[in-house]
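> Got a structure for you, written out below as structure tokens; questions coming shortly.
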Amino acid sequence: MELPFAESFKIKMVAPIKKSTREQRKQWLKKANYNLFNLKSDEVFIDLLTDSGTGAMSEQQWAALMLGDESYAGASSYYNLKNAIKNILGFEYFLPTHQGRAAENVLFSVLVEQGDIVPGNSHFDTTKGHIEFRKAKAIDCTIDEAFITDKEYPFKGNVDLKKLEKVFAENDSEKIKFIIVTVTNNTSGGQPVSMQNLREVSEFAKKKGVMLILDSARFAENAYFIKMREKTYENKSIKEIVAEMYSYADAMTMSSKKDAIVNMGGFIAMRSKDLFDKASVFNIMFEGYLTYGGMSGRDMNALAQGLDEGTEFETLETRIKQVEYLGNQLIEWGIPIQRPVGGHAVFIDADKILSNIPKEEFRAQTLAIELYLEAGIRGVEIGAILADRDPITRENRFNGLEFVRLAIPRRTYTNNHMNVVAVAIKNVFDRKHEITRGVEIIKEAPIMRHFTVELKKL
Ligand SMILES: *Cc1c(COP(=O)(O)O)cnc(C)c1O
């Protein structure tokens, strides 16, 4: 018999989690204004809100933490991180930042001005936020396949070069300074971008004289999918694939809380000394001095180690197989999800499940609420609330996908937890006809409203 798959780690430290009753959850939800971000973590049994900063560090990372050098300038931890970035990603220059959105803020302080256009593949919410905050415009050039959730396609994160060409044809070229490609494409369902697509976008960018920047939170998962799905890469190591991916980029932004498996941190890295010098000004003002930029020495040490083990095949295989395990169970039960299953999360298609309630009543948020009520599982809405209002017309953007995202933290839960999650979703799915009304917004922030929005159940 073929041996079944098992995780490439054993557990050394555990944290207790608690179950609750449906009645308790009902009260807590009401108190939270039906926004799952407002729940206390104690009120959650299995927390799939995000895989950001919620992973379990390895013993080597904890050991590296103890060796952190907290010198203000020139700490050895800074040089450890600098070497890891140079060796794994190939960039000469880098600036640490406190997390990924700070990396965007620092880089965009140099590269984005009012009226600019930033084409890319389904810009992540904070990326779009930082672009729109500077009164510039993000234009989505993701391939159409990404929006047909039940269509199997290996690289749904890809950029459509025709759409890209159109953006350049229709806009003043002075207004476009770079193309940003997110690997993996989080918003479209943790879907990868192929090496071929990266190569083509890079050639296109060179031809147009603009930079190619990779938004890199899940770059290692992207490399895993290239290895598994793209011909000619099956025998290459993850580190070789990563090196090639970045050979096409001029710069990167990174949220280290994802594939680098630390709880906090980020950076930008680039080839150009000029870009580094310009970005340094903002970094020093808002993040910290050049050799720590918002991070403790110990955190930079753990991050350097995390970049190394996060780009090992076994780490990625263990992680992505767990996400697949949950996804495949749902597929087997006929529950509509984005296919194929993404790298870091399962994306449930709420439009298909709650089609009997109006879009204007936020189907994905409604489904996320029901799942929490069912079993204390916290997912997150990736739908119209997150899509926010159009910056000019201030209309809600109801034209996108309506997902409940179940993000799986790295090395944190077992497959028994995944079994509970699957059954809870099935139970909600089976009683979908009883769910006839959604929610209404009663209070919202002018930008990135999903974090703090207050809702009323209809
Ligand atoms: C998480 C993430 C960010 C923002 O990073 P934070 O560390 O949360 O600030 C940016 N881009 C992508 C693709 C991400 O997944």
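Order determines the names: the first chain of the structure tokens is A, the second B, and so forth; residues in each chain are numbered 1 upward, and ligands are numbered 1 upward as they are shown.
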Using only C-alpha atoms and all ligand atoms, find each protein or nucleic acid residue lying at most 9 Å from ligand 1; present the set as number ranges by chain.
A: 50-53, 98-104, 123-127, 182-187, 190, 215-218, 253-258, 264-266
> Skip A:Arg339 itself and residues of its chain fewer than 5 positions away, then list as a VMD selection string all residues within 7 Å of it, counting only C-alpha atoms.
chain A and resid 149 to 152
> Looking only at strand (DSSP E or B) from DSSP on the backbone, list the matching residues of stretch 192-266 of chain A as a list in words.
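Put together, the selection reads Met211, Leu212, Ile213, Leu214, Asp215, Ala251, Met252, Thr253, Met254, Ser255 and Gly266 of chain A.
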> Give me the residues within 6 Å of stretch 356-358 of chain A as an MDAnalysis selection string, counting only C-alpha atoms and dropping any in the same chain fewer than 2 places off.
chainID A and resid 354 360:361 436:437
> Please save N, CA and C atoms of the selected residues as a short mmCIF file (atom, residue, chain, number, x, y, z; two decimals), in the first residue's frame.

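Output file selection-v7.cif follows:
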```cif
data_model
loop_
_atom_site.label_atom_id
_atom_site.label_comp_id
_atom_site.auth_asym_id
_atom_site.auth_seq_id
_atom_site.Cartn_x
_atom_site.Cartn_y
_atom_site.Cartn_z
N LEU A 354 -25.82 31.63 -1.58
CA LEU A 354 -26.89 32.50 -1.08
C LEU A 354 -27.49 33.36 -2.20
N GLU A 360 -27.06 43.23 -2.68
CA GLU A 360 -26.96 44.45 -1.87
C GLU A 360 -27.00 44.15 -0.37
N GLU A 361 -27.35 42.91 -0.03
CA GLU A 361 -27.37 42.52 1.40
C GLU A 361 -26.14 41.70 1.76
N THR A 436 -32.63 33.88 4.42
CA THR A 436 -33.33 34.64 3.38
C THR A 436 -32.98 36.13 3.39
N ARG A 437 -32.36 36.60 4.45
CA ARG A 437 -31.97 38.02 4.48
C ARG A 437 -30.50 38.14 4.85
#
```
> Taking 3 positions as the minimum chain separation for residues in the same chain, which residues sit within 7 Å of stretch 346-349 of chain A when counting only C-alpha atoms? Answer as an MDAnalysis selection string.
chainID A and resid 189 323 327 336:338 341:342 352:353 402:407
> Filtering to all heavy atoms, could you give me those residues as a JSON list (two decimals), in the first residue's frame?

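File part_31.json, as written:
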```
[["chain", "number", "residue", "atom", "x", "y", "z"],
["A", 189, "GLY", "N", -8.19, 34.46, -5.11],
["A", 189, "GLY", "CA", -8.33, 33.14, -4.50],
["A", 189, "GLY", "C", -7.03, 32.41, -4.23],
["A", 189, "GLY", "O", -6.98, 31.19, -4.27],
["A", 323, "VAL", "N", -4.42, 22.73, 2.90],
["A", 323, "VAL", "CA", -5.44, 23.57, 2.28],
["A", 323, "VAL", "C", -6.24, 22.75, 1.26],
["A", 323, "VAL", "O", -7.47, 22.82, 1.20],
["A", 323, "VAL", "CB", -4.79, 24.82, 1.62],
["A", 323, "VAL", "CG1", -5.85, 25.71, 0.99],
["A", 323, "VAL", "CG2", -3.98, 25.61, 2.65],
["A", 327, "GLY", "N", -10.23, 21.80, 0.94],
["A", 327, "GLY", "CA", -10.90, 22.15, -0.32],
["A", 327, "GLY", "C", -11.52, 20.93, -0.99],
["A", 327, "GLY", "O", -12.66, 20.97, -1.44],
["A", 336, "PRO", "N", -19.70, 25.00, -3.63],
["A", 336, "PRO", "CA", -18.98, 25.76, -4.65],
["A", 336, "PRO", "C", -17.81, 26.57, -4.07],
["A", 336, "PRO", "O", -18.03, 27.42, -3.20],
["A", 336, "PRO", "CB", -20.05, 26.68, -5.23],
["A", 336, "PRO", "CG", -21.08, 26.81, -4.17],
["A", 336, "PRO", "CD", -21.06, 25.55, -3.37],
["A", 337, "ILE", "N", -16.62, 26.28, -4.56],
["A", 337, "ILE", "CA", -15.44, 27.04, -4.12],
["A", 337, "ILE", "C", -14.62, 27.42, -5.35],
["A", 337, "ILE", "O", -14.81, 26.86, -6.42],
["A", 337, "ILE", "CB", -14.55, 26.23, -3.14],
["A", 337, "ILE", "CG1", -13.97, 24.97, -3.82],
["A", 337, "ILE", "CG2", -15.32, 25.85, -1.88],
["A", 337, "ILE", "CD1", -12.90, 24.27, -2.98],
["A", 338, "GLN", "N", -13.73, 28.39, -5.18],
["A", 338, "GLN", "CA", -12.81, 28.75, -6.26],
["A", 338, "GLN", "C", -11.92, 27.56, -6.54],
["A", 338, "GLN", "O", -11.30, 27.01, -5.61],
["A", 338, "GLN", "CB", -11.99, 29.99, -5.87],
["A", 338, "GLN", "CG", -10.84, 30.35, -6.79],
["A", 338, "GLN", "CD", -11.24, 30.96, -8.14],
["A", 338, "GLN", "OE1", -11.93, 30.32, -8.93],
["A", 338, "GLN", "NE2", -10.83, 32.19, -8.39],
["A", 341, "VAL", "N", -8.07, 24.67, -5.79],
["A", 341, "VAL", "CA", -7.91, 25.21, -4.44],
["A", 341, "VAL", "C", -6.65, 26.08, -4.40],
["A", 341, "VAL", "O", -5.62, 25.70, -4.93],
["A", 341, "VAL", "CB", -7.81, 24.06, -3.41],
["A", 341, "VAL", "CG1", -7.64, 24.61, -2.01],
["A", 341, "VAL", "CG2", -9.04, 23.18, -3.47],
["A", 342, "GLY", "N", -6.75, 27.25, -3.78],
["A", 342, "GLY", "CA", -5.62, 28.18, -3.73],
["A", 342, "GLY", "C", -4.53, 27.75, -2.74],
["A", 342, "GLY", "O", -4.65, 26.72, -2.08],
["A", 352, "LYS", "N", -23.05, 31.78, -5.20],
["A", 352, "LYS", "CA", -23.73, 30.55, -5.62],
["A", 352, "LYS", "C", -24.57, 29.97, -4.49],
["A", 352, "LYS", "O", -25.62, 29.38, -4.75],
["A", 352, "LYS", "CB", -22.70, 29.51, -6.09],
["A", 352, "LYS", "CG", -21.98, 29.91, -7.37],
["A", 352, "LYS", "CD", -21.80, 28.73, -8.31],
["A", 352, "LYS", "CE", -21.24, 29.17, -9.65],
["A", 352, "LYS", "NZ", -19.78, 29.23, -9.65],
["A", 353, "ILE", "N", -24.12, 30.11, -3.25],
["A", 353, "ILE", "CA", -24.84, 29.48, -2.13],
["A", 353, "ILE", "C", -26.04, 30.32, -1.70],
["A", 353, "ILE", "O", -27.12, 29.81, -1.47],
["A", 353, "ILE", "CB", -23.88, 29.23, -0.94],
["A", 353, "ILE", "CG1", -22.75, 28.28, -1.37],
["A", 353, "ILE", "CG2", -24.63, 28.66, 0.27],
["A", 353, "ILE", "CD1", -21.70, 28.04, -0.33],
["A", 402, "GLU", "N", -17.87, 37.23, -4.75],
["A", 402, "GLU", "CA", -18.36, 37.22, -3.36],
["A", 402, "GLU", "C", -17.84, 35.95, -2.68],
["A", 402, "GLU", "O", -18.46, 34.89, -2.80],
["A", 402, "GLU", "CB", -19.89, 37.23, -3.34],
["A", 402, "GLU", "CG", -20.53, 38.59, -3.48],
["A", 402, "GLU", "CD", -20.42, 39.44, -2.22],
["A", 402, "GLU", "OE1", -20.81, 39.00, -1.13],
["A", 402, "GLU", "OE2", -19.91, 40.57, -2.35],
["A", 403, "PHE", "N", -16.72, 36.08, -1.99],
["A", 403, "PHE", "CA", -16.12, 34.91, -1.35],
["A", 403, "PHE", "C", -16.18, 35.01, 0.17],
["A", 403, "PHE", "O", -16.11, 36.10, 0.73],
["A", 403, "PHE", "CB", -14.63, 34.84, -1.69],
["A", 403, "PHE", "CG", -14.29, 34.39, -3.08],
["A", 403, "PHE", "CD1", -13.34, 35.10, -3.81],
["A", 403, "PHE", "CD2", -14.85, 33.26, -3.64],
["A", 403, "PHE", "CE1", -12.96, 34.69, -5.09],
["A", 403, "PHE", "CE2", -14.48, 32.84, -4.92],
["A", 403, "PHE", "CZ", -13.53, 33.56, -5.64],
["A", 404, "VAL", "N", -16.28, 33.84, 0.81],
["A", 404, "VAL", "CA", -15.86, 33.74, 2.22],
["A", 404, "VAL", "C", -14.52, 33.04, 2.16],
["A", 404, "VAL", "O", -14.41, 31.93, 1.64],
["A", 404, "VAL", "CB", -16.84, 32.92, 3.08],
["A", 404, "VAL", "CG1", -16.26, 32.73, 4.48],
["A", 404, "VAL", "CG2", -18.17, 33.60, 3.14],
["A", 405, "ARG", "N", -13.50, 33.69, 2.65],
["A", 405, "ARG", "CA", -12.16, 33.10, 2.62],
["A", 405, "ARG", "C", -11.87, 32.42, 3.95],
["A", 405, "ARG", "O", -12.05, 33.02, 5.01],
["A", 405, "ARG", "CB", -11.11, 34.18, 2.36],
["A", 405, "ARG", "CG", -9.72, 33.59, 2.22],
["A", 405, "ARG", "CD", -8.65, 34.66, 2.16],
["A", 405, "ARG", "NE", -8.43, 35.25, 3.47],
["A", 405, "ARG", "CZ", -7.53, 36.20, 3.73],
["A", 405, "ARG", "NH1", -6.80, 36.70, 2.76],
["A", 405, "ARG", "NH2", -7.39, 36.68, 4.95],
["A", 406, "LEU", "N", -11.45, 31.18, 3.85],
["A", 406, "LEU", "CA", -10.98, 30.46, 5.04],
["A", 406, "LEU", "C", -9.48, 30.32, 4.88],
["A", 406, "LEU", "O", -8.98, 29.46, 4.15],
["A", 406, "LEU", "CB", -11.64, 29.08, 5.12],
["A", 406, "LEU", "CG", -13.18, 29.10, 5.11],
["A", 406, "LEU", "CD1", -13.72, 27.71, 4.97],
["A", 406, "LEU", "CD2", -13.71, 29.76, 6.38],
["A", 407, "ALA", "N", -8.74, 31.20, 5.53],
["A", 407, "ALA", "CA", -7.28, 31.20, 5.40],
["A", 407, "ALA", "C", -6.71, 30.27, 6.47],
["A", 407, "ALA", "O", -7.09, 30.36, 7.63],
["A", 407, "ALA", "CB", -6.74, 32.61, 5.57]]
```
> I'd like the neighbourhood of stretch 287-302 of chain A as a PyMOL selection string, where a residue qualifies if any of its atoms comes within 7 Å (using only C-alpha atoms), though same-chain residues fewer than 4 positions away should be ignored.
chain A and resi 61-62+64-70+73-75+77-78+80-81+95-98+262+265+280+283+306
> Figure out the distance between atom CA of A:Ala251 and atom CA of A:Pro340, please, to one decimal in Å.
28.9 Å
> Do you know which residues are at most 9 Å from stretch 36-38 of chain A counting only C-alpha atoms, after dropping those on the same chain fewer than 4 positions away, and could you put them as JSON, numbers by chain?
{"A": [29, 31, 32, 49, 368, 369, 372, 378, 379, 380, 450, 451, 452]}
